[in-house]
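Notes follow the structure.
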Amino acid sequence: MSLLDDFLVRAILAGIGLVLAAAPLGCFVVWRRMAYFGDATAHAALLGVALALAFNVSIFAGVLVIALLMAFTVSTLSGRGFAMDTLLGVMAHSALAFGLVAVSFVPNVRVDLNAYLFGDILAVGRSDLAVIWGGAVLVSVLLYWRWSALLTTTLNPDLAMASGLSPRREQLILSLALAMVVAVAIKVVGTLLIAAMLLIPAASARPFSRTPERMAVIATLIGVMAVLGGIQGAFTFDTPTGPTIVTVAALIFVLANLVRLIRTRVS
């Protein structure tokens with residue numbers, strides 16, 4: 001009997017695969033204040049699910065195409081007379097609504113929306129693991145390759161331009177990585193919780209980080225702790241696994257900030 005035949009092992013591996021991609025990327029989301037952008041991309045993923053079911057293609061492919069389209073549209077329209085927060089709000093809720101409506105029109109397919117909204121990590125199969133880890137490796141390689149350029153354009157766009165870097169190009173690269181993470185994460189935590197797994201580990205790591213690289217490493221460790229603790233908590237309390245993982249991450253965030261406040265008062 002293979003170790004991967006155990007659904008619990010597959011769930012843990014799927015969660016860790018997601019965290020390896022989402023946590024370092026989440027640091028850039030926090031630094032660039034792109035929380036709403038991540039949320040909008042995640043909401044749009046449900047439309048990708050509907051289109052994938054309608055055209056009988058893989059869910060991953062449908063979600064990835066729509067997430068990329070959302071990222072490209074927002075990157076193109078921003079700075080052309082559209083307020084970013086308004087644009088993201090309109091597109092996020094519109095895409096979610098279109099996705100919910102479109103799913104109801106898919107013929108001869110019974111869809112469990114809860115699985116796509118909140119994830120179903122315990123149902124992850126071998127093929128899902130291959131997709132999740134494949135996406136995680138691609139995102140990790142992309143971030144490693146562009147880490148210095150992304151960091152420079154994040155901290156000082158003027159310095160980046162003087163160094164021959166294009167802030168808009170790096171924004172598109174970041175959007176591409178974000179779209180990939182959304183496509184990978186939909187099976188694990190669902191569309192409504194993806195943004196939380198991007199943001200919460202990175203935000204929790206911030207008080208303990210003096211360098212960007214340290215923050216990325218700590219965020220990854222916190223994400224792994226949230227996955228392990230969430231799966232254990234779901235079994236102990238018989239709760240939904242995806243939301244429980246996010247709940248554990250949120251508790252770590254609260255604890256991290258309490259520690260920060262205590263350290264501030266002591267010093």
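Simple scheme: letters A, B, ... for chains in structure tokens order, numbers from 1 for residues in each chain, numbers from 1 for ligands in the order shown.
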Item to check | Exercise: segment 135-139 of chain A partners within 9 Å, only C-alpha atoms, chain neighbours under 6 positions left out, as a PyMOL selection string | outcome: chain A and resi 17-22+25+176-178+180-181+183-184
Checklist entry - Could you name the residues that touch Ala256 of chain A at 12 Å or less, counting only C-alpha atoms, but leaving out those on the same chain fewer than 6 positions away, as a VMD selection string? => result chain A and resid 200 to 209 218 to 219 222 249 to 250 262 to 263
Produce a file of the selected residues containing N, CA and C atoms, as a short mmCIF file (atom, residue, chain, number, x, y, z; two decimals), in the first residue's frame.
data_model
loop_
_atom_site.label_atom_id
_atom_site.label_comp_id
_atom_site.auth_asym_id
_atom_site.auth_seq_id
_atom_site.Cartn_x
_atom_site.Cartn_y
_atom_site.Cartn_z
N ILE A 200 -2.77 36.03 5.64
CA ILE A 200 -2.62 35.84 7.09
C ILE A 200 -1.23 35.34 7.48
N PRO A 201 -0.66 34.30 6.81
CA PRO A 201 0.70 33.89 7.20
C PRO A 201 1.73 35.01 7.03
N ALA A 202 1.62 35.76 5.93
CA ALA A 202 2.57 36.87 5.70
C ALA A 202 2.40 37.96 6.75
N ALA A 203 1.15 38.31 7.06
CA ALA A 203 0.91 39.34 8.07
C ALA A 203 1.36 38.87 9.45
N SER A 204 1.24 37.58 9.73
CA SER A 204 1.68 37.04 11.02
C SER A 204 3.19 37.06 11.15
N ALA A 205 3.88 36.89 10.02
CA ALA A 205 5.35 36.84 10.05
C ALA A 205 5.98 38.22 10.17
N ARG A 206 5.24 39.24 9.80
CA ARG A 206 5.81 40.58 9.72
C ARG A 206 6.45 41.08 11.02
N PRO A 207 5.82 40.88 12.20
CA PRO A 207 6.43 41.40 13.43
C PRO A 207 7.77 40.76 13.79
N PHE A 208 8.06 39.58 13.22
CA PHE A 208 9.28 38.85 13.59
C PHE A 208 10.35 38.90 12.50
N SER A 209 10.16 39.76 11.51
CA SER A 209 11.05 39.74 10.35
C SER A 209 11.80 41.05 10.19
N ILE A 218 9.47 32.71 7.43
CA ILE A 218 8.60 32.60 8.60
C ILE A 218 7.14 32.44 8.16
N ALA A 219 6.73 33.17 7.12
CA ALA A 219 5.36 33.04 6.61
C ALA A 219 5.09 31.62 6.14
N ILE A 222 4.65 29.41 9.20
CA ILE A 222 3.33 29.66 9.81
C ILE A 222 2.24 29.01 8.98
N ALA A 249 -4.75 29.74 11.22
CA ALA A 249 -3.86 30.81 10.75
C ALA A 249 -4.23 32.14 11.41
N ALA A 250 -5.53 32.40 11.54
CA ALA A 250 -5.99 33.64 12.17
C ALA A 250 -5.60 33.68 13.65
N ILE A 262 3.45 42.96 23.51
CA ILE A 262 4.16 42.73 24.77
C ILE A 262 5.62 43.16 24.64
N ARG A 263 6.24 42.78 23.51
CA ARG A 263 7.64 43.15 23.30
C ARG A 263 7.80 44.65 23.21
#
Item to check | Test item, alpha helix (DSSP H) assignment across segment 80-262 of chain A, answer as a ChimeraX atom specification | outcome: /A:84-105,113-118,126-155,157-162,167-185,194-205,212-237,241-262
Checklist entry - With only C-alpha atoms as the atoms that count, which of A:Ala185, A:Val246, A:Leu117, A:Leu192 lies nearest to Ile132 of chain A? => result A:Ala185
Checklist entry - Excluding same-chain residues fewer than 4 positions from Leu113 of chain A, what lies within 10 Å of it counting only C-alpha atoms, as a ChimeraX atom specification? => result /A:46,49,100,103,117-119,190
Next on the checklist: Can you pull out the residues contacting segment 6-10 of chain A? Cut-off 9 Å, using only C-alpha atoms, and skip same-chain residues under 4 positions away; I want them as a PyMOL selection string.
Outcome noted: chain A and resi 1-2+14-15+121-126+129+231
So that I have them on file, write out the residues from the current selection with N, CA, C and O atoms, as a compact mmCIF listing (two decimals), in the first residue's frame.
# COMPACT_ATOMS: atom_id res chain seq x y z
N MET A 1 0.85 -1.20 0.00
CA MET A 1 0.00 0.00 0.00
C MET A 1 0.88 1.25 0.00
O MET A 1 1.76 1.41 0.84
N SER A 2 0.65 2.14 -0.95
CA SER A 2 1.44 3.36 -1.06
C SER A 2 1.03 4.37 0.00
O SER A 2 -0.14 4.41 0.43
N ALA A 14 -1.01 18.35 0.07
CA ALA A 14 -1.67 19.39 -0.73
C ALA A 14 -1.59 20.74 -0.02
O ALA A 14 -1.29 21.77 -0.65
N GLY A 15 -1.84 20.75 1.28
CA GLY A 15 -1.78 21.99 2.04
C GLY A 15 -0.38 22.58 2.06
O GLY A 15 -0.19 23.79 1.89
N ILE A 121 -10.16 19.74 0.85
CA ILE A 121 -8.79 19.24 0.86
C ILE A 121 -8.72 17.74 1.13
O ILE A 121 -7.80 17.06 0.66
N LEU A 122 -9.71 17.19 1.83
CA LEU A 122 -9.69 15.77 2.14
C LEU A 122 -10.02 14.91 0.92
O LEU A 122 -9.83 13.69 0.95
N ALA A 123 -10.54 15.55 -0.14
CA ALA A 123 -10.87 14.81 -1.37
C ALA A 123 -9.78 14.93 -2.42
O ALA A 123 -9.97 14.52 -3.57
N VAL A 124 -8.64 15.49 -2.06
CA VAL A 124 -7.54 15.65 -3.02
C VAL A 124 -7.01 14.29 -3.46
O VAL A 124 -6.73 13.42 -2.62
N GLY A 125 -6.90 14.10 -4.77
CA GLY A 125 -6.38 12.84 -5.30
C GLY A 125 -4.95 12.99 -5.79
O GLY A 125 -4.33 14.05 -5.66
N ARG A 126 -4.42 11.92 -6.35
CA ARG A 126 -3.04 11.93 -6.84
C ARG A 126 -2.86 12.97 -7.96
O ARG A 126 -1.85 13.67 -8.00
N LEU A 129 -2.74 16.37 -6.53
CA LEU A 129 -1.43 16.61 -5.90
C LEU A 129 -0.39 17.02 -6.94
O LEU A 129 0.41 17.92 -6.71
N ILE A 231 -5.96 20.72 9.92
CA ILE A 231 -6.40 19.35 9.63
C ILE A 231 -6.64 18.58 10.92
O ILE A 231 -7.64 17.87 11.07
Checklist entry - Separation of atom CA of Ser58 of chain A and atom CA of Leu87 of chain A, in Å? => result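 These two atoms are separated by 28.7 Å.
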Next on the checklist: Calculated over only C-alpha atoms, which of the candidates A:Trp147, A:His93, A:Pro167, A:Ile186 has the smallest distance to Gly48 of chain A?
Outcome noted: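 Closest candidate: A:Ile186.
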Contacts of Leu64 of chain A within 7 Å, only C-alpha atoms, excl. fewer than 2 positions in-chain, as a compact mmCIF listing (two decimals) with C-alpha atoms, in the first residue's frame:
# COMPACT_ATOMS: atom_id res chain seq x y z
CA PHE A 60 -7.45 24.01 -13.12
CA ALA A 61 -7.28 25.20 -16.74
CA GLY A 62 -10.59 27.09 -16.52
CA ILE A 66 -10.07 33.42 -15.85
CA ALA A 67 -7.59 34.38 -13.10
CA LEU A 68 -5.05 35.44 -15.73
CA ALA A 179 -3.33 33.61 -10.83
CA MET A 180 -1.38 30.35 -10.62
CA ALA A 183 -5.87 28.00 -9.67
Checklist entry - So how far away is atom CA of Gly99 of chain A from atom CA of Val57 of chain A, in Å? => result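 Going from atom CA of Val57 of chain A over to atom CA of Gly99 of chain A, I get 15.9 Å.
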Checklist entry - Between A:Asn156, A:Thr264, A:Thr73, A:Thr241, which one has atoms that come closest to Met91 of chain A, using only C-alpha atoms? => result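 Among the listed residues, A:Thr73 lies closest to Met91 of chain A.
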Item to check | Distance in Å - atom CA of Ala40 of chain A versus atom CA of Arg168 of chain A | outcome: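 Interatomic distance here is 19.0 Å.
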